[in-house]
Amino acid sequence: MLSETPKRPNAKTRSKFALTLGVTLPALIFLFRLSRPNSSGPVTSVSLADGRTINIERVTFGTNHFAGKRWAPMDWFGAWLPPKVRGLLSPQNPRSEINLDIPSLVVWLTATDPKTGKSVDCQDVRLEFPDGEGHAFS
């Protein structure tokens with residue numbers, strides 16, 4: 001019993017496939033990038049004496065807190081994408097969550113270098129909120 005050898009696609013079929021893939025893939029990436037959530041920016045910003053800019057991104061109260069954006073296509077397909085493509089398509093501020101046992105005030109901060117616009121460390125910053133009676137909450 002002789003088996004037939006599978007037919008290889010000819011050069012014309014391969015070039016059509018490559019052209020279709022070459023047009024479709026960039027178009028899909030463009031559409032995903034276009035539909036990705038926009039960052040609304042910080043609530044307010046303050047310049048520190050050491051040159052850093054502290055950005056208050058969000059203030060929440062309760063037990064379940066979140067900040068940043070979630071984008072469903074990245075949740076579904078992000079694990080399978082190469083790191084460079086994932087970085088290109090991911091939201092600038094991905095979603096972060098904190099769940100607490102008791103209701104609390106959470107202030108979401110970022111720090112940037114005003115010269116470069118890049119994120120810098122803000123762990124050594126102490127933030128206090130004074131009330132009308134002069135009590136400071138930190």
# chains A, B, ... in the order shown; residues from 1 in each chain; ligands from 1
call {"tool": "select_by_dssp", "arguments": {"residues": "chain A", "states": "helix (DSSP H, G or I)", "output": "MDAnalysis selection string"}}
result
chainID A and resid 11:35 72:80 83:89
call {"tool": "write_last_selection", "arguments": {"atoms": "C-alpha atoms", "output": "PDB file, in the first residue's frame"}}
result
ATOM      1  CA  ALA A  11       5.068  29.679  -3.838  1.00  0.00           C
ATOM      2  CA  LYS A  12       1.968  31.681  -4.772  1.00  0.00           C
ATOM      3  CA  THR A  13      -0.053  30.237  -1.863  1.00  0.00           C
ATOM      4  CA  ARG A  14       2.795  30.824   0.592  1.00  0.00           C
ATOM      5  CA  SER A  15       3.220  34.436  -0.509  1.00  0.00           C
ATOM      6  CA  LYS A  16      -0.537  35.058  -0.137  1.00  0.00           C
ATOM      7  CA  PHE A  17      -0.421  33.614   3.382  1.00  0.00           C
ATOM      8  CA  ALA A  18       2.620  35.727   4.310  1.00  0.00           C
ATOM      9  CA  LEU A  19       0.984  38.862   2.895  1.00  0.00           C
ATOM     10  CA  THR A  20      -2.267  38.172   4.758  1.00  0.00           C
ATOM     11  CA  LEU A  21      -0.391  37.533   8.005  1.00  0.00           C
ATOM     12  CA  GLY A  22       1.818  40.593   7.433  1.00  0.00           C
ATOM     13  CA  VAL A  23      -1.237  42.850   7.039  1.00  0.00           C
ATOM     14  CA  THR A  24      -3.550  41.236   9.596  1.00  0.00           C
ATOM     15  CA  LEU A  25      -1.128  40.984  12.530  1.00  0.00           C
ATOM     16  CA  PRO A  26      -0.070  44.685  12.543  1.00  0.00           C
ATOM     17  CA  ALA A  27      -3.725  45.704  12.079  1.00  0.00           C
ATOM     18  CA  LEU A  28      -4.763  43.617  15.110  1.00  0.00           C
ATOM     19  CA  ILE A  29      -1.930  45.044  17.205  1.00  0.00           C
ATOM     20  CA  PHE A  30      -2.957  48.565  16.160  1.00  0.00           C
ATOM     21  CA  LEU A  31      -6.617  47.910  17.073  1.00  0.00           C
ATOM     22  CA  PHE A  32      -5.684  46.382  20.451  1.00  0.00           C
ATOM     23  CA  ARG A  33      -3.416  49.330  21.182  1.00  0.00           C
ATOM     24  CA  LEU A  34      -6.089  51.813  20.125  1.00  0.00           C
ATOM     25  CA  SER A  35      -8.778  50.208  22.290  1.00  0.00           C
ATOM     26  CA  ALA A  72      -9.514  42.096  29.364  1.00  0.00           C
ATOM     27  CA  PRO A  73      -7.521  41.034  26.239  1.00  0.00           C
ATOM     28  CA  MET A  74      -4.309  41.183  28.296  1.00  0.00           C
ATOM     29  CA  ASP A  75      -5.950  39.087  31.019  1.00  0.00           C
ATOM     30  CA  TRP A  76      -6.928  36.495  28.428  1.00  0.00           C
ATOM     31  CA  PHE A  77      -3.881  36.410  26.129  1.00  0.00           C
ATOM     32  CA  GLY A  78      -1.092  38.221  28.023  1.00  0.00           C
ATOM     33  CA  ALA A  79       0.549  35.052  29.325  1.00  0.00           C
ATOM     34  CA  TRP A  80       1.070  33.757  25.783  1.00  0.00           C
ATOM     35  CA  PRO A  83       7.373  40.212  26.764  1.00  0.00           C
ATOM     36  CA  LYS A  84       7.948  43.042  24.258  1.00  0.00           C
ATOM     37  CA  VAL A  85       4.462  42.689  22.755  1.00  0.00           C
ATOM     38  CA  ARG A  86       2.939  42.417  26.242  1.00  0.00           C
ATOM     39  CA  GLY A  87       4.740  45.627  27.269  1.00  0.00           C
ATOM     40  CA  LEU A  88       3.505  47.386  24.138  1.00  0.00           C
ATOM     41  CA  LEU A  89      -0.128  46.405  24.691  1.00  0.00           C
TER      42      LEU A  89
END
call {"tool": "closest_atom_pairs", "arguments": {"of": "stretch 108-135 of chain A", "to": "stretch 52-60 of chain A", "cutoff": "8 Å", "atoms": "only C-alpha atoms", "output": "Markdown table"}}
result
| residue | atom | partner | partner_atom | distance |
| --- | --- | --- | --- | --- |
| A:Trp108 | CA | A:Arg58 | CA | 5.1 |
| A:Leu109 | CA | A:Ile56 | CA | 4.7 |
| A:Thr110 | CA | A:Asn55 | CA | 5.2 |
| A:Ala111 | CA | A:Ile54 | CA | 4.5 |
| A:Thr112 | CA | A:Thr53 | CA | 5.2 |
| A:Asp113 | CA | A:Arg52 | CA | 5.1 |
| A:Pro114 | CA | A:Thr53 | CA | 6.4 |
| A:Val120 | CA | A:Arg52 | CA | 7.7 |
| A:Cys122 | CA | A:Ile54 | CA | 7.7 |
call {"tool": "atom_distance", "arguments": {"atom1": "atom CA of A:Val43", "atom2": "atom CA of A:Gln123"}}
result
19.2 Å
call {"tool": "residues_around", "arguments": {"residues": "stretch 94-102 of chain A", "least_positions_apart": "3", "cutoff": "6 Å", "atoms": "only C-alpha atoms", "output": "PyMOL selection string"}}
result
chain A and resi 63-70+91
call {"tool": "select_by_dssp", "arguments": {"residues": "chain A", "states": "strand (DSSP E)", "output": "tab-separated table (two decimals) with C-alpha atoms, in the first residue's frame"}}
result
chain	number	residue	atom	x	y	z
A	44	THR	CA	-2.69	65.94	42.06
A	45	SER	CA	1.10	66.28	42.03
A	46	VAL	CA	3.56	67.82	44.47
A	47	SER	CA	7.24	68.61	43.89
A	53	THR	CA	7.44	64.65	41.99
A	54	ILE	CA	4.90	62.79	44.11
A	55	ASN	CA	1.68	61.95	42.27
A	56	ILE	CA	-1.47	61.02	44.16
A	57	GLU	CA	-3.06	58.61	41.69
A	58	ARG	CA	-6.14	57.68	43.69
A	59	VAL	CA	-7.62	57.84	47.20
A	60	THR	CA	-9.98	55.04	48.32
A	61	PHE	CA	-11.79	54.13	51.52
A	62	GLY	CA	-13.20	50.73	52.50
A	63	THR	CA	-11.99	47.16	52.60
A	64	ASN	CA	-11.52	46.41	48.88
A	65	HIS	CA	-9.24	48.89	47.12
A	66	PHE	CA	-7.98	49.04	43.55
A	67	ALA	CA	-6.09	51.45	41.32
A	96	SER	CA	-3.34	46.79	41.66
A	97	GLU	CA	-5.58	45.56	44.46
A	98	ILE	CA	-5.49	45.63	48.27
A	99	ASN	CA	-8.07	43.81	50.40
A	100	LEU	CA	-8.17	44.66	54.11
A	101	ASP	CA	-10.13	43.29	57.07
A	102	ILE	CA	-11.20	46.68	58.44
A	103	PRO	CA	-12.26	49.79	56.50
A	104	SER	CA	-9.21	51.97	55.87
A	105	LEU	CA	-8.09	54.96	53.85
A	106	VAL	CA	-5.63	54.04	51.10
A	107	VAL	CA	-3.67	56.68	49.18
A	108	TRP	CA	-2.12	55.39	45.94
A	109	LEU	CA	1.16	57.22	45.24
A	110	THR	CA	3.77	57.20	42.53
A	111	ALA	CA	6.97	59.22	42.33
A	112	THR	CA	8.60	60.43	39.14
A	129	PHE	CA	-3.42	64.62	56.33
A	130	PRO	CA	-4.27	67.32	58.89
A	136	ALA	CA	-2.41	64.74	61.60
A	137	PHE	CA	-3.30	61.39	60.06
call {"tool": "atom_distance", "arguments": {"atom1": "atom CA of A:Ala49", "atom2": "atom CA of A:Lys118"}}
result
17.5 Å
